[in-house]
Amino acid sequence: MSHEPARASAIADLMRAGRETSRLSMVFRYAIAERLGLTVSDLECLDYLADVGSASAGQVAERTNLTTGAVTSMLRRLQQAGYVTAERDPADRRRVIVALRPERMAELERPYERFAERAEQLIEGYSVEELMLLIRHYDRMQAMYLAELDHYRTRASSKATSRPMNQAGSARWG
């Protein structure tokens with residue numbers, strides 16, 4: 001007896017569950033950002049800085065998929081709001097190193113506390129092997145997302161350089 005129909009059905013269910021989880025995650029992030037008076041891009045930047053400690057403005061741009069101009073405006077706004085510090089890299093004065101202000105961490109974590117408690121309860125019953133499977137899955141998904149983002153960035157930059165110009169000298173969409 002073949003397991004192919006059951007496997008195909010399980011894969012379809014997994015893909016649907018992944019899409020729904022992704023969608024709900026984004027809706028949740030928008031709600032948290034709104035509650036904090038931030039944009040989702042601001043929140044993503046702060047979340048990234050909480051994970052890595054500090055990063056260059058270029059690294060923030062890459063991880064948030066924003067242009068360097070948009071990141072410059074965002075970092076200026078976050079610095080004025082007291083969320084981040086920005087200092088010139090002593091090794092390369094052209095680079096700016098951005099760090100999350102530690103005294104603001106509790107404020108940023110507070111909206112996630114209930115969710116974090118519930119997530120801990122959810123995984124309490126998982127064995128170490130099950131947890132390792134989930135970690136491998138998330139690691140592989142992250143690698144896929146990064147590869148796809150790189151692919152889109154490469155395609156976007158090649159399209160931008162090959163777009164025909166109109167009479168006013170600006171690129172046409174298409």
# chains A, B, ... in the order shown; residues from 1 in each chain; ligands from 1
$ residues_around --residues "Gly37 in chain A" --least-positions-apart "6" --cutoff "12 Å" --atoms "only C-alpha atoms" --output "number ranges by chain"
A: 30-31, 43, 77-78, 81, 107-108
$ write_last_selection --atoms "N, CA and C atoms" --output "PDB file, in the first residue's frame"
ATOM      1  N   TYR A  30       2.329  43.566  13.525  1.00  0.00           N
ATOM      2  CA  TYR A  30       1.701  44.864  13.285  1.00  0.00           C
ATOM      3  C   TYR A  30       1.011  45.372  14.544  1.00  0.00           C
ATOM      4  N   ALA A  31       0.317  44.488  15.264  1.00  0.00           N
ATOM      5  CA  ALA A  31      -0.375  44.883  16.488  1.00  0.00           C
ATOM      6  C   ALA A  31       0.619  45.342  17.554  1.00  0.00           C
ATOM      7  N   LEU A  43      10.189  47.848  14.370  1.00  0.00           N
ATOM      8  CA  LEU A  43      10.165  46.698  15.271  1.00  0.00           C
ATOM      9  C   LEU A  43      11.116  45.605  14.789  1.00  0.00           C
ATOM     10  N   ARG A  77      15.132  58.186  13.404  1.00  0.00           N
ATOM     11  CA  ARG A  77      13.887  58.227  14.175  1.00  0.00           C
ATOM     12  C   ARG A  77      14.022  57.403  15.472  1.00  0.00           C
ATOM     13  N   LEU A  78      14.597  56.198  15.373  1.00  0.00           N
ATOM     14  CA  LEU A  78      14.768  55.346  16.555  1.00  0.00           C
ATOM     15  C   LEU A  78      15.774  55.929  17.539  1.00  0.00           C
ATOM     16  N   ALA A  81      14.034  58.736  19.352  1.00  0.00           N
ATOM     17  CA  ALA A  81      13.068  58.177  20.311  1.00  0.00           C
ATOM     18  C   ALA A  81      13.767  57.479  21.479  1.00  0.00           C
ATOM     19  N   GLU A 107      10.817  47.399  27.957  1.00  0.00           N
ATOM     20  CA  GLU A 107       9.668  48.030  27.299  1.00  0.00           C
ATOM     21  C   GLU A 107       9.301  47.303  26.005  1.00  0.00           C
ATOM     22  N   LEU A 108      10.327  46.861  25.265  1.00  0.00           N
ATOM     23  CA  LEU A 108      10.096  46.167  24.002  1.00  0.00           C
ATOM     24  C   LEU A 108       9.660  44.715  24.214  1.00  0.00           C
TER      25      LEU A 108
END
$ residues_around --residues "Leu75 in chain A" --least-positions-apart "2" --cutoff "9 Å" --atoms "only C-alpha atoms" --output "JSON, numbers by chain"
{"A": [42, 45, 57, 70, 71, 72, 73, 77, 78, 79, 80, 84, 85, 86, 98]}
$ write_last_selection --atoms "C-alpha atoms" --output "PDB file, in the first residue's frame"
ATOM      1  CA  ASP A  42      11.162  49.753  13.263  1.00  0.00           C
ATOM      2  CA  CYS A  45      15.154  46.506  13.246  1.00  0.00           C
ATOM      3  CA  ALA A  57      23.473  50.424   9.086  1.00  0.00           C
ATOM      4  CA  ALA A  70      15.032  54.234   4.386  1.00  0.00           C
ATOM      5  CA  VAL A  71      17.275  52.691   7.037  1.00  0.00           C
ATOM      6  CA  THR A  72      19.020  56.020   7.611  1.00  0.00           C
ATOM      7  CA  SER A  73      15.641  57.692   8.254  1.00  0.00           C
ATOM      8  CA  ARG A  77      13.887  58.227  14.175  1.00  0.00           C
ATOM      9  CA  LEU A  78      14.768  55.346  16.555  1.00  0.00           C
ATOM     10  CA  GLN A  79      17.764  57.260  17.885  1.00  0.00           C
ATOM     11  CA  GLN A  80      15.643  60.376  18.539  1.00  0.00           C
ATOM     12  CA  VAL A  84      19.168  52.968  19.684  1.00  0.00           C
ATOM     13  CA  THR A  85      22.605  54.493  19.761  1.00  0.00           C
ATOM     14  CA  ALA A  86      24.526  55.149  16.566  1.00  0.00           C
ATOM     15  CA  VAL A  98      23.876  50.846  15.712  1.00  0.00           C
TER      16      VAL A  98
END
$ select_by_dssp --residues "chain A" --states "alpha helix (DSSP H)" --output "PyMOL selection string"
chain A and resi 4-36+40-52+57-64+68-80+105-109+113-123+128-162
$ select_by_dssp --residues "range 34-164 of chain A" --states "strand (DSSP E or B)" --output "tab-separated table (two decimals) with N, CA and C atoms, in the first residue's frame"
chain	number	residue	atom	x	y	z
A	54	SER	N	24.78	44.54	18.07
A	54	SER	CA	25.01	45.76	17.29
A	54	SER	C	25.24	45.36	15.84
A	55	ALA	N	25.03	46.31	14.95
A	55	ALA	CA	25.18	46.04	13.53
A	55	ALA	C	25.44	47.34	12.80
A	56	SER	N	26.01	47.23	11.63
A	56	SER	CA	26.18	48.41	10.80
A	56	SER	C	24.83	48.78	10.19
A	84	VAL	N	17.86	53.43	20.16
A	84	VAL	CA	19.17	52.97	19.68
A	84	VAL	C	20.23	54.05	19.85
A	85	THR	N	21.46	53.59	19.87
A	85	THR	CA	22.60	54.49	19.76
A	85	THR	C	23.23	54.25	18.40
A	86	ALA	N	23.85	55.27	17.86
A	86	ALA	CA	24.53	55.15	16.57
A	86	ALA	C	25.86	55.87	16.68
A	87	GLU	N	26.93	55.13	16.42
A	87	GLU	CA	28.27	55.71	16.52
A	87	GLU	C	29.09	55.31	15.30
A	88	ARG	N	30.01	56.14	14.93
A	88	ARG	CA	30.91	55.83	13.83
A	88	ARG	C	31.80	54.66	14.23
A	89	ASP	N	32.04	53.77	13.28
A	89	ASP	CA	32.92	52.64	13.47
A	89	ASP	C	34.35	53.18	13.52
A	92	ASP	N	36.39	52.11	10.54
A	92	ASP	CA	35.99	52.62	9.24
A	92	ASP	C	34.98	53.74	9.50
A	93	ARG	N	35.44	54.97	9.50
A	93	ARG	CA	34.63	56.12	9.87
A	93	ARG	C	33.41	56.31	8.95
A	94	ARG	N	33.39	55.66	7.81
A	94	ARG	CA	32.22	55.77	6.90
A	94	ARG	C	31.05	54.96	7.41
A	95	ARG	N	31.33	53.94	8.20
A	95	ARG	CA	30.28	53.04	8.70
A	95	ARG	C	29.71	53.55	10.02
A	96	VAL	N	28.42	53.32	10.21
A	96	VAL	CA	27.75	53.64	11.47
A	96	VAL	C	27.36	52.33	12.13
A	97	ILE	N	27.70	52.20	13.40
A	97	ILE	CA	27.33	51.01	14.18
A	97	ILE	C	26.16	51.38	15.08
A	98	VAL	N	25.12	50.59	14.98
A	98	VAL	CA	23.88	50.85	15.71
A	98	VAL	C	23.70	49.77	16.77
A	99	ALA	N	23.25	50.17	17.96
A	99	ALA	CA	23.00	49.22	19.04
A	99	ALA	C	21.71	49.62	19.75
A	100	LEU	N	21.00	48.61	20.21
A	100	LEU	CA	19.79	48.82	21.00
A	100	LEU	C	20.19	49.30	22.38
$ atom_distance --atom1 "CA of Ile32 in chain A" --atom2 "CA of Leu14 in chain A"
26.5 Å
